[in-house]
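J.: Sending over start-v9.cif (mmCIF, C-alpha atoms).
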```cif
data_final
loop_
_atom_site.label_atom_id
_atom_site.label_comp_id
_atom_site.auth_asym_id
_atom_site.auth_seq_id
_atom_site.Cartn_x
_atom_site.Cartn_y
_atom_site.Cartn_z
CA MET I 1 24.23 -27.62 -33.58
CA ALA I 2 23.68 -30.44 -36.07
CA VAL I 3 21.14 -29.83 -38.78
CA PRO I 4 18.31 -32.38 -38.56
CA ARG I 5 18.27 -35.02 -41.31
CA LEU I 6 15.91 -34.15 -44.16
CA ASP I 7 12.81 -36.30 -44.38
CA ASN I 8 12.53 -36.11 -48.14
CA ARG I 9 15.98 -37.44 -49.00
CA PRO I 10 17.55 -37.61 -51.46
CA CYS I 11 17.53 -33.92 -52.25
CA GLY I 12 18.62 -32.84 -55.69
CA GLY I 13 22.26 -33.25 -54.70
CA ARG I 14 25.22 -30.87 -54.31
CA TYR I 15 27.21 -29.77 -57.37
CA GLY I 16 30.21 -27.60 -58.15
CA ASP I 17 28.49 -25.69 -60.96
CA ILE I 18 25.25 -25.47 -62.88
CA VAL I 19 26.38 -27.79 -65.70
CA GLN I 20 27.04 -30.58 -63.21
CA ALA I 21 23.52 -30.08 -61.84
CA ILE I 22 21.96 -31.37 -65.08
CA GLY I 23 19.88 -34.53 -64.68
CA HIS I 24 18.76 -36.25 -61.45
CA THR I 25 15.20 -35.12 -62.18
CA PRO I 26 12.12 -36.09 -60.13
CA LEU I 27 9.72 -38.87 -61.06
CA VAL I 28 6.19 -37.88 -60.04
CA GLN I 29 3.07 -40.04 -59.97
CA LEU I 30 0.03 -38.52 -61.69
CA LYS I 31 -2.89 -40.18 -59.91
CA ARG I 32 -5.68 -38.10 -61.41
CA LEU I 33 -4.65 -38.89 -64.98
CA SER I 34 -4.48 -42.62 -64.31
CA PRO I 35 -7.52 -44.46 -65.74
CA LYS I 36 -7.44 -47.13 -62.99
CA PRO I 37 -5.68 -47.55 -59.64
CA SER I 38 -3.81 -50.66 -60.79
CA VAL I 39 -2.04 -48.68 -63.51
CA ARG I 40 0.30 -45.98 -62.30
CA ILE I 41 1.43 -43.10 -64.52
CA TRP I 42 4.76 -41.47 -63.76
CA ALA I 43 6.07 -38.20 -65.17
CA LYS I 44 9.85 -37.81 -65.45
CA LEU I 45 10.21 -34.08 -64.97
CA GLU I 46 12.98 -33.13 -67.37
CA SER I 47 11.61 -29.62 -67.04
CA HIS I 48 13.57 -29.50 -63.77
CA ASN I 49 16.87 -29.31 -65.63
CA PRO I 50 18.79 -25.99 -65.33
CA THR I 51 17.45 -24.45 -68.56
CA GLY I 52 14.07 -26.15 -68.18
CA SER I 53 14.34 -28.93 -70.75
CA VAL I 54 15.55 -32.46 -71.34
CA LYS I 55 18.02 -31.08 -73.88
CA ASP I 56 20.41 -30.05 -71.11
CA ARG I 57 21.43 -33.71 -70.86
CA VAL I 58 22.04 -33.96 -74.61
CA ALA I 59 23.91 -30.67 -74.92
CA ARG I 60 26.23 -31.50 -72.03
CA ALA I 61 26.92 -34.98 -73.40
CA MET I 62 27.73 -33.67 -76.87
CA ILE I 63 30.02 -30.89 -75.64
CA GLU I 64 31.85 -33.13 -73.16
CA ASP I 65 32.24 -35.77 -75.87
CA ALA I 66 33.75 -33.18 -78.24
CA GLU I 67 36.08 -31.98 -75.50
CA ALA I 68 37.17 -35.52 -74.68
CA LYS I 69 37.97 -36.15 -78.35
CA GLY I 70 39.89 -32.88 -78.61
CA ALA I 71 37.50 -31.68 -81.31
CA ILE I 72 36.88 -28.30 -79.67
CA GLY I 73 38.95 -25.86 -77.67
CA PRO I 74 38.69 -22.39 -76.16
CA GLY I 75 37.15 -19.83 -78.48
CA GLN I 76 35.63 -22.47 -80.78
CA THR I 77 32.44 -21.51 -82.61
CA ILE I 78 29.80 -24.20 -82.32
CA LEU I 79 26.99 -24.40 -84.88
CA GLU I 80 23.81 -26.42 -84.35
CA PRO I 81 20.39 -26.79 -86.00
CA THR I 82 17.58 -26.84 -83.46
CA SER I 83 13.93 -26.04 -82.97
CA GLY I 84 15.05 -24.21 -79.85
CA ASN I 85 15.55 -26.33 -76.77
CA THR I 86 18.86 -27.93 -77.73
CA GLY I 87 20.06 -24.48 -78.72
CA ILE I 88 19.06 -23.02 -75.36
CA SER I 89 20.86 -25.83 -73.51
CA LEU I 90 23.97 -25.48 -75.68
CA ALA I 91 23.87 -21.72 -75.16
CA MET I 92 23.93 -22.06 -71.38
CA ILE I 93 26.72 -24.64 -71.45
CA CYS I 94 28.79 -22.75 -74.05
CA SER I 95 28.48 -19.55 -72.02
CA ARG I 96 29.86 -21.41 -68.97
CA LYS I 97 32.67 -23.07 -70.90
CA GLY I 98 33.76 -20.17 -73.12
CA TYR I 99 32.58 -21.31 -76.55
CA ASP I 100 30.74 -19.14 -79.08
CA LEU I 101 27.44 -20.57 -80.26
CA LYS I 102 25.48 -20.03 -83.45
CA VAL I 103 22.13 -21.81 -83.75
CA VAL I 104 20.01 -22.30 -86.84
CA MET I 105 16.34 -22.30 -85.82
CA PRO I 106 13.00 -22.14 -87.68
CA ALA I 107 11.55 -18.63 -87.64
CA ASN I 108 8.16 -19.85 -86.36
CA VAL I 109 9.02 -20.77 -82.79
CA THR I 110 7.70 -18.90 -79.76
CA PRO I 111 9.44 -15.58 -78.97
CA GLU I 112 10.54 -16.95 -75.60
CA ARG I 113 12.91 -19.35 -77.34
CA THR I 114 14.60 -16.44 -79.08
CA GLN I 115 14.76 -14.52 -75.81
CA LEU I 116 16.33 -17.42 -73.94
CA LEU I 117 18.94 -17.95 -76.64
CA GLU I 118 19.84 -14.26 -76.67
CA MET I 119 19.90 -14.20 -72.88
CA TYR I 120 22.60 -16.89 -72.87
CA GLY I 121 24.55 -15.07 -75.61
CA ALA I 122 23.86 -17.25 -78.67
CA GLU I 123 23.74 -15.90 -82.21
CA ILE I 124 20.61 -16.96 -84.10
CA VAL I 125 20.27 -17.68 -87.82
CA TYR I 126 16.64 -18.18 -88.80
CA SER I 127 15.59 -20.82 -91.31
CA GLU I 128 12.35 -20.88 -93.27
CA GLY I 129 9.50 -21.57 -90.85
CA SER I 130 7.41 -23.56 -93.31
CA LYS I 131 10.16 -26.19 -93.47
CA GLY I 132 10.15 -26.71 -89.72
CA SER I 133 13.23 -28.28 -88.16
CA ASN I 134 14.05 -29.98 -91.47
CA GLY I 135 14.81 -26.54 -92.90
CA ALA I 136 17.10 -25.71 -89.97
CA VAL I 137 19.02 -28.95 -90.49
CA GLU I 138 19.38 -28.27 -94.22
CA LEU I 139 20.67 -24.72 -93.69
CA ALA I 140 23.07 -25.64 -90.88
CA LEU I 141 24.58 -28.44 -92.96
CA GLU I 142 25.13 -25.97 -95.82
CA MET I 143 26.81 -23.50 -93.44
CA ALA I 144 29.05 -26.20 -91.99
CA ARG I 145 30.09 -27.35 -95.46
CA ALA I 146 30.93 -23.76 -96.44
CA ASP I 147 33.06 -22.99 -93.37
CA ALA I 148 35.26 -25.64 -91.78
CA ALA I 149 35.84 -23.42 -88.74
CA TYR I 150 32.48 -24.44 -87.30
CA TYR I 151 32.13 -27.45 -85.04
CA MET I 152 28.65 -28.95 -85.34
CA PRO I 153 27.63 -31.41 -82.59
CA TYR I 154 24.69 -32.46 -84.84
CA GLN I 155 22.21 -33.87 -82.33
CA TYR I 156 20.42 -35.81 -85.08
CA GLY I 157 23.42 -38.02 -85.80
CA ASN I 158 25.57 -37.79 -82.67
CA PRO I 159 25.67 -41.03 -80.59
CA ALA I 160 26.33 -38.87 -77.50
CA ASN I 161 22.67 -37.79 -77.72
CA PRO I 162 21.08 -41.21 -77.06
CA LEU I 163 23.97 -42.11 -74.75
CA ALA I 164 23.01 -39.21 -72.47
CA HIS I 165 19.71 -41.00 -71.91
CA TYR I 166 21.18 -44.51 -71.86
CA ASN I 167 23.58 -43.44 -69.10
CA GLY I 168 21.35 -40.86 -67.38
CA THR I 169 17.58 -40.79 -67.87
CA ALA I 170 17.11 -44.57 -68.05
CA PRO I 171 19.09 -45.60 -64.94
CA GLU I 172 17.49 -42.76 -62.97
CA ILE I 173 14.06 -44.23 -63.75
CA LEU I 174 15.21 -47.77 -62.96
CA GLU I 175 16.57 -46.58 -59.62
CA GLU I 176 13.04 -45.56 -58.66
CA LEU I 177 10.89 -48.26 -60.27
CA ASP I 178 11.50 -52.01 -60.20
CA ASP I 179 9.16 -52.57 -63.11
CA VAL I 180 8.29 -50.40 -66.07
CA THR I 181 5.49 -51.61 -68.31
CA ALA I 182 5.73 -48.88 -70.94
CA PHE I 183 7.89 -45.84 -71.60
CA VAL I 184 6.52 -42.97 -73.67
CA ALA I 185 8.57 -40.07 -75.02
CA GLY I 186 8.48 -37.59 -77.86
CA LEU I 187 10.15 -38.24 -81.18
CA GLY I 188 12.16 -35.20 -82.25
CA THR I 189 15.74 -36.31 -82.73
CA GLY I 190 14.99 -39.77 -81.35
CA GLY I 191 17.65 -39.41 -78.65
CA THR I 192 15.43 -40.01 -75.62
CA LEU I 193 13.60 -42.96 -77.15
CA MET I 194 16.74 -44.61 -78.52
CA GLY I 195 18.83 -44.18 -75.39
CA VAL I 196 16.18 -45.09 -72.83
CA GLY I 197 14.72 -47.71 -75.17
CA ARG I 198 18.03 -49.51 -75.61
CA ARG I 199 18.78 -49.49 -71.88
CA PHE I 200 15.29 -50.68 -70.96
CA LYS I 201 15.31 -53.44 -73.60
CA GLU I 202 18.58 -54.69 -72.07
CA GLU I 203 17.52 -54.50 -68.43
CA ARG I 204 13.70 -54.82 -68.61
CA PRO I 205 13.12 -56.71 -71.88
CA GLY I 206 9.32 -56.68 -71.63
CA VAL I 207 8.94 -52.90 -71.54
CA LYS I 208 7.04 -51.30 -74.43
CA ILE I 209 8.78 -48.31 -75.98
CA VAL I 210 6.25 -45.85 -77.38
CA ALA I 211 6.96 -42.77 -79.50
CA ALA I 212 4.63 -39.78 -79.58
CA GLU I 213 5.30 -37.47 -82.50
CA PRO I 214 3.83 -34.22 -83.74
CA LEU I 215 1.31 -34.07 -86.53
CA GLN I 216 2.87 -30.94 -87.98
CA GLY I 217 0.32 -28.36 -89.02
CA GLU I 218 -0.03 -27.74 -92.76
CA PRO I 219 1.81 -24.38 -92.59
CA VAL I 220 4.87 -26.31 -91.32
CA GLN I 221 4.75 -28.88 -94.10
CA GLY I 222 6.20 -26.47 -96.64
CA LEU I 223 8.48 -28.97 -98.34
CA ARG I 224 9.03 -29.16 -102.08
CA SER I 225 8.73 -32.92 -102.18
CA LEU I 226 8.28 -35.85 -99.86
CA ASP I 227 11.97 -36.51 -100.50
CA ASP I 228 12.65 -33.43 -98.34
CA GLY I 229 11.46 -35.41 -95.35
CA PHE I 230 14.18 -36.05 -92.78
CA ILE I 231 14.80 -39.01 -90.51
CA PRO I 232 17.54 -38.43 -87.93
CA PRO I 233 20.29 -41.01 -88.50
CA ILE I 234 20.30 -42.03 -84.82
CA ILE I 235 16.74 -43.42 -85.07
CA ASP I 236 16.41 -47.21 -85.13
CA LEU I 237 12.71 -47.96 -85.60
CA SER I 238 13.21 -51.56 -84.47
CA LEU I 239 13.49 -50.29 -80.89
CA LEU I 240 9.96 -48.85 -81.01
CA ASP I 241 6.85 -50.87 -80.21
CA ARG I 242 4.40 -48.08 -81.09
CA LYS I 243 4.73 -44.75 -82.93
CA ILE I 244 1.68 -42.51 -82.71
CA PHE I 245 1.10 -38.96 -83.87
CA VAL I 246 -0.75 -36.28 -81.92
CA SER I 247 -2.36 -33.20 -83.44
CA ASN I 248 -1.36 -29.78 -82.14
CA ARG I 249 -4.93 -29.29 -80.95
CA ASP I 250 -4.88 -32.46 -78.85
CA ALA I 251 -1.39 -31.60 -77.61
CA VAL I 252 -2.65 -28.27 -76.28
CA ILE I 253 -5.76 -29.83 -74.73
CA TRP I 254 -3.58 -32.32 -72.83
CA THR I 255 -1.06 -29.64 -71.87
CA ARG I 256 -3.96 -27.88 -70.17
CA LYS I 257 -5.09 -31.14 -68.53
CA LEU I 258 -1.62 -31.59 -67.04
CA LEU I 259 -1.92 -28.12 -65.57
CA ASP I 260 -5.54 -28.28 -64.43
CA GLU I 261 -5.62 -31.84 -63.07
CA GLU I 262 -2.07 -32.36 -61.84
CA GLY I 263 -0.67 -28.85 -61.40
CA LEU I 264 2.08 -29.65 -63.88
CA PHE I 265 3.14 -26.63 -65.94
CA ALA I 266 4.67 -28.23 -69.02
CA GLY I 267 5.32 -27.50 -72.67
CA VAL I 268 3.08 -28.49 -75.57
CA SER I 269 5.02 -31.60 -76.61
CA SER I 270 4.68 -32.89 -73.05
CA GLY I 271 0.91 -32.61 -73.36
CA ALA I 272 1.06 -34.70 -76.51
CA ILE I 273 3.23 -37.31 -74.80
CA ALA I 274 0.91 -37.37 -71.76
CA SER I 275 -2.06 -38.08 -74.03
CA ILE I 276 -0.31 -41.16 -75.42
CA ALA I 277 0.79 -42.27 -71.94
CA VAL I 278 -2.83 -42.17 -70.76
CA ARG I 279 -3.94 -44.08 -73.87
CA ILE I 280 -1.34 -46.79 -73.24
CA ALA I 281 -2.33 -46.89 -69.56
CA SER I 282 -5.98 -47.37 -70.50
CA GLU I 283 -5.01 -50.44 -72.55
CA LEU I 284 -3.34 -52.11 -69.54
CA ASP I 285 -4.87 -54.03 -66.63
CA GLU I 286 -1.97 -53.19 -64.36
CA GLY I 287 1.52 -51.76 -64.52
CA ASP I 288 3.63 -48.64 -64.54
CA VAL I 289 3.75 -46.20 -67.45
CA VAL I 290 6.53 -43.62 -67.48
CA PHE I 291 6.47 -40.59 -69.73
CA VAL I 292 8.84 -37.69 -70.24
CA VAL I 293 7.96 -34.08 -69.53
CA CYS I 294 10.35 -32.53 -72.04
CA ASP I 295 10.22 -28.92 -70.97
CA ASP I 296 8.46 -26.37 -68.82
CA GLY I 297 5.63 -24.09 -69.85
CA TRP I 298 7.36 -20.74 -69.45
CA ARG I 299 8.63 -20.65 -73.02
CA TYR I 300 5.11 -20.97 -74.46
CA LEU I 301 3.23 -18.42 -72.34
CA SER I 302 2.99 -15.78 -75.06
CA SER I 303 1.23 -18.21 -77.42
CA GLY I 304 -1.86 -18.32 -75.23
CA VAL I 305 -1.88 -22.12 -74.94
CA TYR I 306 -2.64 -21.87 -71.20
CA THR I 307 -5.08 -19.01 -71.30
CA LEU I 308 -7.00 -18.93 -74.58
CA PRO I 309 -9.67 -21.33 -75.84
CA VAL I 310 -7.92 -23.76 -78.20
CA ASP I 311 -9.80 -22.45 -81.24
CA GLU I 312 -8.54 -18.92 -80.55
CA ILE I 313 -4.83 -19.79 -80.55
CA GLU I 314 -3.81 -18.06 -83.77
CA SER I 315 -0.51 -19.83 -84.32
CA LEU I 316 -1.64 -23.33 -83.38
CA ASP I 317 -0.77 -24.98 -86.68
CA SER I 318 1.94 -22.62 -87.87
CA THR I 319 4.22 -22.88 -84.83
CA VAL I 320 6.98 -25.42 -84.35
CA TRP I 321 6.23 -26.73 -80.83
CA TRP I 322 8.66 -29.71 -80.64
CA MET C 323 -12.77 -47.94 -99.55
CA ALA C 324 -10.25 -46.45 -97.16
CA THR C 325 -9.67 -42.71 -96.90
CA ILE C 326 -6.24 -41.24 -97.57
CA ARG C 327 -5.32 -37.81 -96.20
CA ILE C 328 -3.02 -36.06 -98.63
CA PRO C 329 -0.26 -33.71 -97.36
CA PRO C 330 0.12 -30.27 -98.99
CA VAL C 331 3.26 -31.37 -100.83
CA LEU C 332 1.32 -34.09 -102.72
CA ARG C 333 -1.90 -32.22 -103.46
CA ALA C 334 -0.86 -30.98 -106.87
CA SER C 335 -0.54 -34.64 -107.85
CA VAL C 336 -4.17 -35.40 -106.85
CA SER C 337 -5.94 -32.40 -108.38
CA GLY C 338 -5.70 -30.42 -105.17
CA GLU C 339 -7.74 -32.83 -103.06
CA LYS C 340 -7.11 -33.02 -99.31
CA GLU C 341 -8.60 -36.49 -99.04
CA VAL C 342 -9.10 -39.24 -101.58
CA ALA C 343 -10.58 -42.74 -101.38
CA ALA C 344 -8.71 -45.83 -102.51
CA ASP C 345 -9.31 -49.59 -102.65
CA GLY C 346 -7.31 -52.30 -100.98
CA SER C 347 -7.15 -54.51 -97.94
CA SER C 348 -3.55 -53.65 -97.01
CA VAL C 349 -1.56 -50.42 -96.80
CA GLY C 350 0.43 -51.47 -99.87
CA GLU C 351 -2.70 -52.19 -101.90
CA VAL C 352 -4.35 -48.91 -100.92
CA LEU C 353 -1.25 -46.87 -101.81
CA ARG C 354 -0.85 -48.76 -105.10
CA ASP C 355 -4.46 -47.92 -105.93
CA LEU C 356 -3.73 -44.27 -105.16
CA ALA C 357 -0.68 -44.38 -107.44
CA ALA C 358 -2.72 -46.04 -110.21
CA LYS C 359 -5.37 -43.32 -110.04
CA HIS C 360 -2.84 -40.50 -109.62
CA PRO C 361 0.41 -41.61 -111.34
CA GLN C 362 2.36 -38.53 -110.28
CA THR C 363 2.29 -39.75 -106.69
CA GLU C 364 4.06 -43.03 -107.45
CA SER C 365 7.66 -41.82 -107.51
CA GLN C 366 7.08 -39.85 -104.30
CA LEU C 367 5.51 -42.73 -102.40
CA PHE C 368 7.62 -45.64 -103.54
CA GLY C 369 11.32 -46.31 -104.01
CA PRO C 370 12.74 -48.06 -107.10
CA ALA C 371 12.28 -51.48 -105.48
CA GLY C 372 8.62 -50.82 -104.72
CA ASP C 373 9.18 -50.26 -101.02
CA LEU C 374 7.87 -47.21 -99.15
CA ASN C 375 9.97 -44.08 -99.78
CA ARG C 376 12.31 -43.68 -96.81
CA TYR C 377 11.24 -40.08 -96.17
CA VAL C 378 7.50 -40.74 -96.19
CA ASN C 379 5.60 -41.66 -93.07
CA VAL C 380 2.29 -43.45 -93.51
CA TYR C 381 -0.05 -43.80 -90.57
CA LEU C 382 -2.99 -46.14 -90.19
CA ASN C 383 -5.35 -43.77 -88.38
CA ASP C 384 -2.63 -42.39 -86.07
CA GLU C 385 -0.07 -45.21 -85.87
CA ASP C 386 3.00 -45.42 -88.11
CA VAL C 387 2.65 -48.48 -90.35
CA ARG C 388 6.43 -49.08 -90.25
CA VAL C 389 6.02 -50.01 -86.58
CA LEU C 390 2.98 -52.16 -87.45
CA GLU C 391 3.30 -54.55 -90.42
CA GLY C 392 4.57 -52.05 -92.98
CA LEU C 393 2.90 -52.28 -96.40
CA GLU C 394 1.29 -55.57 -95.28
CA THR C 395 -0.67 -53.83 -92.49
CA GLN C 396 -4.36 -54.66 -92.89
CA VAL C 397 -6.75 -51.79 -93.69
CA GLY C 398 -10.53 -51.66 -93.29
CA ASP C 399 -13.06 -49.48 -95.10
CA ALA C 400 -13.51 -47.28 -92.03
CA ASP C 401 -9.78 -46.66 -91.71
CA THR C 402 -7.87 -43.53 -92.67
CA LEU C 403 -4.33 -43.54 -94.01
CA VAL C 404 -2.37 -40.36 -93.33
CA ILE C 405 0.65 -39.58 -95.51
CA LEU C 406 3.21 -37.16 -94.09
CA PRO C 407 6.77 -36.14 -94.84
CA ALA C 408 9.08 -37.24 -92.00
CA MET C 409 9.77 -34.16 -89.85
CA ALA C 410 12.35 -33.72 -87.11
CA GLY C 411 12.26 -31.77 -83.86
CA GLY C 412 14.79 -30.87 -81.21
#
```
I'd like the structure from this file rewritten - as structure tokens, please.
T.:
Amino acid sequence: MAVPRLDNRPCGGRYGDIVQAIGHTPLVQLKRLSPKPSVRIWAKLESHNPTGSVKDRVARAMIEDAEAKGAIGPGQTILEPTSGNTGISLAMICSRKGYDLKVVMPANVTPERTQLLEMYGAEIVYSEGSKGSNGAVELALEMARADAAYYMPYQYGNPANPLAHYNGTAPEILEELDDVTAFVAGLGTGGTLMGVGRRFKEERPGVKIVAAEPLQGEPVQGLRSLDDGFIPPIIDLSLLDRKIFVSNRDAVIWTRKLLDEEGLFAGVSSGAIASIAVRIASELDEGDVVFVVCDDGWRYLSSGVYTLPVDEIESLDSTVWW
Amino acid sequence: MATIRIPPVLRASVSGEKEVAADGSSVGEVLRDLAAKHPQTESQLFGPAGDLNRYVNVYLNDEDVRVLEGLETQVGDADTLVILPAMAGG
């Protein structure tokens, strides 16, 4: 007997393995967060990727690019600095493809990130928490210089990172929406904003590209000098129309709003991005604002961001959330 | 006078203050006034050509001035400039 046609086509698709299932994420309208009916807010749920974050796209693109160039082969050890999510995505993909993975990660991330990395078989080298991701980059570069056996994809400088969004995230959004007034994403490596931004500027020249970035808490600003600041080489500021920081406190408040008002269980950076999307929406008379939900909430549960009053979250300013 | 929020890495150069006030009608003028009052900040804030140090982010209230008008961005007395080291994520 024939199976009746699904009413909610297209489904997520059919794939030969979990790595192929990366991407093709839902775009969901958030009506309660919208300040007026003539402005629609859309969440691109990158949390629906296999490991629960947008970084699955980036990790797959970087590994497949290295394979295509013949830069890596069976048994290769891959080394990467990360605040966690890229490491988790690489760990899943490396475990499927037979590569060893070593990640360098700040010590002050949530325990779930460590658990996920270990679960997928990655080795973790911790960098100084007070230096945030900058410290992880610094240490990983030192390790790579000292041992040529490592292959480092280096998400901060690898063109495959923005290309994953240029070829994936951006066309997926354009398949669903004829017009996009503004696109809002987080600024970590710059990959999402650069890739989607470039594609949108080519195909929808009027779209505003807006970066939301973390206002790192003082315990994470443990640099010796302002010269220890780090700007990922893939970032081209000329693609951005706005660049706005969000405090950890506001990020958590908006993460809770996503949950309470829209039923969306997302990570802390997604709350920050949502706050900027709503701000941009409130400045418009009409249009469509798309923002990226970078990851799911599971990996932050132990921090209390969903259950404790904001003022009682002990690690609010000392944790690397992005 | 505009308010400038000082990051931990610069506080030793401004007698430990978290916030200082400075004069000027543009971001460049306000930061120059800060550097005049606290000379140890100058080499951290500015490059040799007088442009903003590449690894310093300066925000007018919460927006990065590099995506506004840079050092020419206009500043009012009620505004706050926030200086931060550029930090990555990922």
J.: For range 387-396 of chain C, work out the shell of residues within 6 Å, counting all atoms listed in the file and skipping chain neighbours fewer than 5 positions away, then give it as a CSV table (one decimal) with C-alpha atoms, in the coordinates of the input.
T.:
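Contents of around-v5.csv, freshly written:
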```
chain,number,residue,atom,x,y,z
C,347,SER,CA,-7.2,-54.5,-97.9
C,348,SER,CA,-3.6,-53.6,-97.0
C,349,VAL,CA,-1.6,-50.4,-96.8
C,350,GLY,CA,0.4,-51.5,-99.9
C,380,VAL,CA,2.3,-43.4,-93.5
C,381,TYR,CA,0.0,-43.8,-90.6
```
J.: Env of Asp384 in chain C: 8 Å cut, atoms = only C-alpha atoms, seq-sep filter 6 positions within chain, self excluded. Answer as JSON, numbers by chain.
T.: {"I": [244, 245, 246], "C": [404]}
J.: Taking all listed atoms of range 354-365 of chain C, build the axis-aligned box, pad each of the six sides by 8 Å, then write its centre and edge lengths in Å to one decimal as AutoDock Vina command-line options.
T.:
```
--center_x 1.1 --center_y -43.6 --center_z -108.2 --size_x 29.0 --size_y 26.2 --size_z 22.2
```
J.: Apply the PyMOL selection byres ((chain C) within 8 of (chain I)) to the file shown and report the selected residues as a list in words.
T.: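 Checking the PyMOL selection byres ((chain C) within 8 of (chain I)) against this file, the residues are Pro329, Pro330, Val331, Leu332, Gln366, Leu367, Asn375, Tyr377, Val378, Asp384, Glu385, Asp386, Arg388, Val389, Leu390, Leu406, Pro407, Ala408, Met409, Ala410, Gly411 and Gly412 of chain C.
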J.: Keeping only C-alpha atoms, write the selected residues as a CSV table (one decimal), keeping the file's coordinate frame.
T.:
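Below is the file selection_37.csv, written as the result:
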```
chain,number,residue,atom,x,y,z
C,329,PRO,CA,-0.3,-33.7,-97.4
C,330,PRO,CA,0.1,-30.3,-99.0
C,331,VAL,CA,3.3,-31.4,-100.8
C,332,LEU,CA,1.3,-34.1,-102.7
C,366,GLN,CA,7.1,-39.8,-104.3
C,367,LEU,CA,5.5,-42.7,-102.4
C,375,ASN,CA,10.0,-44.1,-99.8
C,377,TYR,CA,11.2,-40.1,-96.2
C,378,VAL,CA,7.5,-40.7,-96.2
C,384,ASP,CA,-2.6,-42.4,-86.1
C,385,GLU,CA,-0.1,-45.2,-85.9
C,386,ASP,CA,3.0,-45.4,-88.1
C,388,ARG,CA,6.4,-49.1,-90.2
C,389,VAL,CA,6.0,-50.0,-86.6
C,390,LEU,CA,3.0,-52.2,-87.4
C,406,LEU,CA,3.2,-37.2,-94.1
C,407,PRO,CA,6.8,-36.1,-94.8
C,408,ALA,CA,9.1,-37.2,-92.0
C,409,MET,CA,9.8,-34.2,-89.8
C,410,ALA,CA,12.4,-33.7,-87.1
C,411,GLY,CA,12.3,-31.8,-83.9
C,412,GLY,CA,14.8,-30.9,-81.2
```
J.: Between C:Arg333, C:Arg354, C:Arg327, C:Lys340, which has the minimum distance to Asp373 in chain C (counting all atoms listed in the file)?
T.: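 Residue with the minimum atom-to-atom distance to Asp373 in chain C: C:Arg354.
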